[in-house]
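Visitor: Could you have a look at this structure, given as structure tokens, before my questions?
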Amino acid sequence: MTASHDLIVLGAGSGGLATAFRAAQHGARVGLLDPAALGGTCVHRGCVPKKALWFAAQWAQAQQMAATVGFALQPGPLDWEHFRQLRQRYIDAIDERYARRLQEAGVQLLRQAGRLVAADTIELGDGSRLQAAQIVIATGARPRTLNLPGFPLGMVSDDMFALQSLPHRAAIVGSGYVATEFAGMLRAFGSEVDLLMRERLLADFDVELTVALQEQMQAQGIRIRRCSAVQAAHRGADGILLDDARAGACGPYDALLWAVGRVPNSEDLGLAAVGVETDEDGHVLTDARQQSSVAGIHAVGDVTGRKALTPVATAAGRRLADRLFGGQPEAPLDYDNIPSVAFSEPPLGMVGLTEATARERHGDAVTVYRRRFTPMQWALAGRQEQSLMKLVCVGSEERVLGIHVLGPGAEEMLQGFAVALTLGLRKRDLDSTVAIHPSSAEELLLMG
């Protein structure tokens, strides 16, 4: 068999699309395989529909604040079906743009799944085969399911976007992005929410800020049960009941969300047959250059178990294509300074190191600055909650290693500060910069 492509990409999510587009820009003959909709989890079951729902939750809260400060309006409920249609229209447009761009770029899109039958050969669902010297696995991940009695009574994150009405009483099991974000959104719409978690919120974020977020969530009326160990769910006369080994019986609930992690889509790819190594959860093992254990086979995105964020998958795919086809053999991806935001209420963002990690690496050379304040829009509406900002610095020059923000606008302001941190930001650079007033972002410049 002669090579039919220079590159074959398995999966048309964020990482796969980014790899295919960049390789095609460099002149590579690219085949892209995916039987599902273009854009993968991010566009259809993750970032995009989640952010749309988060905006709706923000508007629900804005109604309340507007009435508080004097607007003559009566806050009303969300028309879930109308909103769902608007959101789907937006998502459909993204899918159509991807299809058009792939055609314009000359990428061959095959709406089929594929599996490896050799290090350079993919067998498609219809039995035909494609061959390329370079293959990229970008098949993503899906919500984890548990072998617990009554698990099917609950939803996973994918199901949340099919809701047609607001559940009055909701239970969420988990403590990561999905659990934290949906707890805040459902509460903003008016649901009674119980969040059941084993340890603490958002384990990858700075503990001081996650504690502050938990306090604000509880102040909003979200009931948080720590050290939870749910063993079963069953339907009672008035709703879903949970059996918790530590907290006892919980419920009843109208809706249950299992937010217990994700698993890679790797089991049907023929990896073992060609020698591609995976970890015990099925993630494809790669080095810092996205290379698997088999020459010519690479992997990007959630299937690798690295930071499960759309921009990380996109950046990894582009750097990989630059190295393979763009004449840039040293194009790296820096995994240390990746900004991230949890769209909680309020949002929590970070870039760089947490205080705990910084102290593990640099000990007493670490200096921490923090600022608590009530954002102006909250103060005007009579709210007393506070934003929390934190700088983690090291050495006599106080180079900034970490920036952490909890509060309104965190998701927007942190991007620019992430650029500065990547370029070697020092505390004195912030001190010498003229602030924008009045703003929340200026508080990052004014820490003494």
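Order determines the names: the first chain of the structure tokens is A, the second B, and so forth; residues in each chain are numbered 1 upward, and ligands are numbered 1 upward as they are shown.
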As a list of chain:residue names, please: the residues near region 422-438 of chain A (cut-off 8 Å, only C-alpha atoms, same-chain neighbours under 5 positions excluded).
Guide: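 With the cut-off at 8 Å, the set is A:Asn337, A:Cys393, A:Glu397, A:Glu398, A:Arg399, A:Val400, A:Leu444, A:Leu445, A:Leu446.
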Visitor: With C-alpha atoms kept, could you save the residues just selected as a PDB file, in the first residue's frame?
Guide:
```pdb
ATOM      1  CA  ASN A 337       2.163  28.603  32.612  1.00  0.00           C
ATOM      2  CA  CYS A 393       6.492  35.781  43.754  1.00  0.00           C
ATOM      3  CA  GLU A 397      13.488  40.461  42.094  1.00  0.00           C
ATOM      4  CA  GLU A 398      10.060  39.080  43.060  1.00  0.00           C
ATOM      5  CA  ARG A 399       9.453  37.388  39.736  1.00  0.00           C
ATOM      6  CA  VAL A 400       5.771  36.516  39.555  1.00  0.00           C
ATOM      7  CA  LEU A 444      -3.533  43.394  40.937  1.00  0.00           C
ATOM      8  CA  LEU A 445      -1.322  46.472  40.464  1.00  0.00           C
ATOM      9  CA  LEU A 446      -1.894  48.006  43.865  1.00  0.00           C
TER      10      LEU A 446
END
```
Visitor: Please provide the set of residues having any atom within 7 Å of region 5-14 of chain A, restricted to only C-alpha atoms, with same-chain residues fewer than 5 positions apart removed, written as an mmCIF file with C-alpha atoms, in the first residue's frame.
Guide:
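This is the output file out.cif:
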```cif
data_model
loop_
_atom_site.group_PDB
_atom_site.id
_atom_site.type_symbol
_atom_site.label_atom_id
_atom_site.label_comp_id
_atom_site.auth_asym_id
_atom_site.auth_seq_id
_atom_site.Cartn_x
_atom_site.Cartn_y
_atom_site.Cartn_z
ATOM 1 C CA ALA A 20 -5.190 19.229 10.722
ATOM 2 C CA ALA A 28 0.682 18.406 4.160
ATOM 3 C CA ARG A 29 -1.894 16.045 2.693
ATOM 4 C CA VAL A 30 -4.231 15.523 5.654
ATOM 5 C CA GLY A 31 -7.002 13.036 6.328
ATOM 6 C CA LEU A 32 -9.320 13.756 9.275
ATOM 7 C CA LEU A 33 -11.548 10.995 10.660
ATOM 8 C CA ASP A 34 -14.538 11.406 12.967
ATOM 9 C CA LEU A 38 -17.078 18.712 14.212
ATOM 10 C CA GLY A 39 -15.668 20.436 17.274
ATOM 11 C CA GLY A 40 -15.983 17.491 19.637
ATOM 12 C CA THR A 41 -16.742 17.866 23.316
ATOM 13 C CA GLY A 114 -10.734 4.499 12.470
ATOM 14 C CA GLN A 131 -1.816 5.070 5.195
ATOM 15 C CA ALA A 132 0.430 7.901 6.394
ATOM 16 C CA ALA A 133 3.876 8.262 7.893
ATOM 17 C CA GLN A 134 2.423 10.406 10.699
ATOM 18 C CA ILE A 135 -0.705 9.640 12.704
ATOM 19 C CA VAL A 136 -2.232 11.777 15.464
ATOM 20 C CA ILE A 137 -4.690 10.413 18.031
ATOM 21 C CA ALA A 138 -7.068 13.164 19.179
ATOM 22 C CA THR A 139 -10.173 11.217 20.152
ATOM 23 C CA THR A 310 -9.353 23.053 24.929
ATOM 24 C CA ALA A 313 -5.173 20.561 23.020
ATOM 25 C CA THR A 314 -5.216 23.275 20.353
#
```
Visitor: So which residues of region 147-329 of chain A fall under alpha helix (DSSP H) by DSSP, listed as a VMD selection string?
Guide: chain A and resid 157 to 160 177 to 189 207 to 219 271 to 274 310 to 325
Visitor: Please produce, as CSV, a per-residue contact table for region 280-301 of chain A versus region 262-265 of chain A (criterion: any atom at most 10 Å away, only C-alpha atoms considered), showing the nearest atom pair and its distance in Å to one decimal, sorted by chain then residue number.
Guide:
```
residue,atom,partner,partner_atom,distance
A:Asp281,CA,A:Val263,CA,7.0
A:Gly282,CA,A:Pro264,CA,6.1
A:His283,CA,A:Pro264,CA,5.8
A:Val284,CA,A:Pro264,CA,8.4
A:Gly301,CA,A:Pro264,CA,9.7
```
Visitor: Go ahead and write the residues just picked, C-alpha atoms, as a CSV table (one decimal), in the first residue's frame.
Guide:
```csv
chain,number,residue,atom,x,y,z
A,281,ASP,CA,-7.0,4.5,32.8
A,282,GLY,CA,-6.4,4.2,29.0
A,283,HIS,CA,-4.6,7.6,28.4
A,284,VAL,CA,-2.1,7.5,25.6
A,301,GLY,CA,-5.8,16.6,24.0
```
Visitor: Give me, as a PyMOL selection string, all polymer residues having an atom no more than 12 Å from region 177-179 of chain A, counting only C-alpha atoms and skipping those fewer than 2 positions away in the same chain.
Guide: chain A and resi 45-47+50-51+54+143+155-158+160+170-175+181-186+193-197+200-205+210+222+224+256-262+308-309+340-345+347-349
Visitor: Find the spatial neighbours of Ala365 (chain A), counting only C-alpha atoms, within a cut-off of 10 Å - ignore same-chain residues fewer than 4 positions away - and output them as JSON, numbers by chain.
Guide: {"A": [358, 359, 361, 393, 394, 395, 396, 398]}
Visitor: I need the residues in region 165-350 of chain A that are strand (DSSP E or B) according to DSSP; give them as a PDB file with C-alpha atoms, in the first residue's frame.
Guide:
```pdb
ATOM      1  CA  ARG A 169     -33.929  20.161  43.921  1.00  0.00           C
ATOM      2  CA  ALA A 170     -30.572  19.048  42.512  1.00  0.00           C
ATOM      3  CA  ALA A 171     -27.714  16.943  43.849  1.00  0.00           C
ATOM      4  CA  ILE A 172     -24.238  17.097  42.323  1.00  0.00           C
ATOM      5  CA  VAL A 173     -21.599  14.496  43.161  1.00  0.00           C
ATOM      6  CA  GLU A 192     -31.869  24.138  45.647  1.00  0.00           C
ATOM      7  CA  VAL A 193     -28.435  22.556  45.272  1.00  0.00           C
ATOM      8  CA  ASP A 194     -26.535  19.990  47.334  1.00  0.00           C
ATOM      9  CA  LEU A 195     -22.888  19.471  46.379  1.00  0.00           C
ATOM     10  CA  LEU A 196     -21.414  16.225  47.695  1.00  0.00           C
ATOM     11  CA  ARG A 223     -25.267  23.093  50.658  1.00  0.00           C
ATOM     12  CA  ILE A 224     -21.799  21.547  50.515  1.00  0.00           C
ATOM     13  CA  ARG A 225     -21.123  18.176  52.108  1.00  0.00           C
ATOM     14  CA  VAL A 230     -22.024   8.093  47.816  1.00  0.00           C
ATOM     15  CA  GLN A 231     -22.601   4.359  47.474  1.00  0.00           C
ATOM     16  CA  ALA A 232     -25.960   4.137  45.733  1.00  0.00           C
ATOM     17  CA  ALA A 233     -28.947   6.020  44.372  1.00  0.00           C
ATOM     18  CA  HIS A 234     -32.534   4.890  44.320  1.00  0.00           C
ATOM     19  CA  ARG A 235     -35.904   6.396  43.535  1.00  0.00           C
ATOM     20  CA  GLY A 236     -38.183   7.150  46.432  1.00  0.00           C
ATOM     21  CA  GLY A 239     -37.600  11.826  44.145  1.00  0.00           C
ATOM     22  CA  ILE A 240     -34.067  10.438  43.959  1.00  0.00           C
ATOM     23  CA  LEU A 241     -32.397   9.422  47.237  1.00  0.00           C
ATOM     24  CA  LEU A 242     -28.662   8.937  47.812  1.00  0.00           C
ATOM     25  CA  ASP A 243     -27.014   6.550  50.236  1.00  0.00           C
ATOM     26  CA  ASP A 244     -23.875   8.206  51.596  1.00  0.00           C
ATOM     27  CA  GLY A 248     -26.231   9.099  55.707  1.00  0.00           C
ATOM     28  CA  ALA A 249     -29.318   9.369  53.534  1.00  0.00           C
ATOM     29  CA  CYS A 250     -29.551  12.456  51.275  1.00  0.00           C
ATOM     30  CA  GLY A 251     -32.490  13.770  49.319  1.00  0.00           C
ATOM     31  CA  PRO A 252     -35.001  13.615  47.848  1.00  0.00           C
ATOM     32  CA  TYR A 253     -33.894  15.288  44.606  1.00  0.00           C
ATOM     33  CA  ALA A 255     -32.203  15.730  39.431  1.00  0.00           C
ATOM     34  CA  LEU A 256     -28.823  14.123  40.094  1.00  0.00           C
ATOM     35  CA  LEU A 257     -25.577  14.978  38.306  1.00  0.00           C
ATOM     36  CA  TRP A 258     -22.588  12.671  38.504  1.00  0.00           C
ATOM     37  CA  ARG A 262     -13.658  11.672  32.503  1.00  0.00           C
ATOM     38  CA  VAL A 263     -12.161   8.681  30.717  1.00  0.00           C
ATOM     39  CA  PRO A 264     -10.247   8.685  27.420  1.00  0.00           C
ATOM     40  CA  THR A 278      -1.306   3.652  27.771  1.00  0.00           C
ATOM     41  CA  VAL A 284      -2.079   7.497  25.633  1.00  0.00           C
ATOM     42  CA  GLN A 291       5.176  11.525  20.797  1.00  0.00           C
ATOM     43  CA  ILE A 297       2.173   7.939  16.253  1.00  0.00           C
ATOM     44  CA  HIS A 298       1.379  11.022  18.314  1.00  0.00           C
ATOM     45  CA  ALA A 299      -1.465  12.097  20.617  1.00  0.00           C
ATOM     46  CA  SER A 340      -7.331  28.353  33.428  1.00  0.00           C
ATOM     47  CA  VAL A 341     -10.720  29.566  34.646  1.00  0.00           C
ATOM     48  CA  ALA A 342     -13.482  27.726  36.450  1.00  0.00           C
ATOM     49  CA  LEU A 348     -12.026  31.602  39.658  1.00  0.00           C
ATOM     50  CA  GLY A 349      -8.933  31.973  37.483  1.00  0.00           C
ATOM     51  CA  MET A 350      -5.248  31.173  37.753  1.00  0.00           C
TER      52      MET A 350
END
```
Visitor: Go through A:Val48, A:Leu269, A:Leu209, A:Leu163 and flag the residue nearest Val117 (chain A), using only C-alpha atoms for the distances.
Guide: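 Among A:Val48, A:Leu269, A:Leu209, A:Leu163, it is A:Leu269 that comes nearest to Val117 (chain A).
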Visitor: Expressed in Å to a single decimal, how great is the separation between CA of Ile91 (chain A) and CA of Asp302 (chain A)?
Guide: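 So the answer is 20.9 Å.
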Visitor: Considering only C-alpha atoms, state which residue in the set A:Leu102, A:Leu391, A:Ala247, A:Ala66 is at the smallest distance from Arg22 (chain A).
Guide: A:Leu102
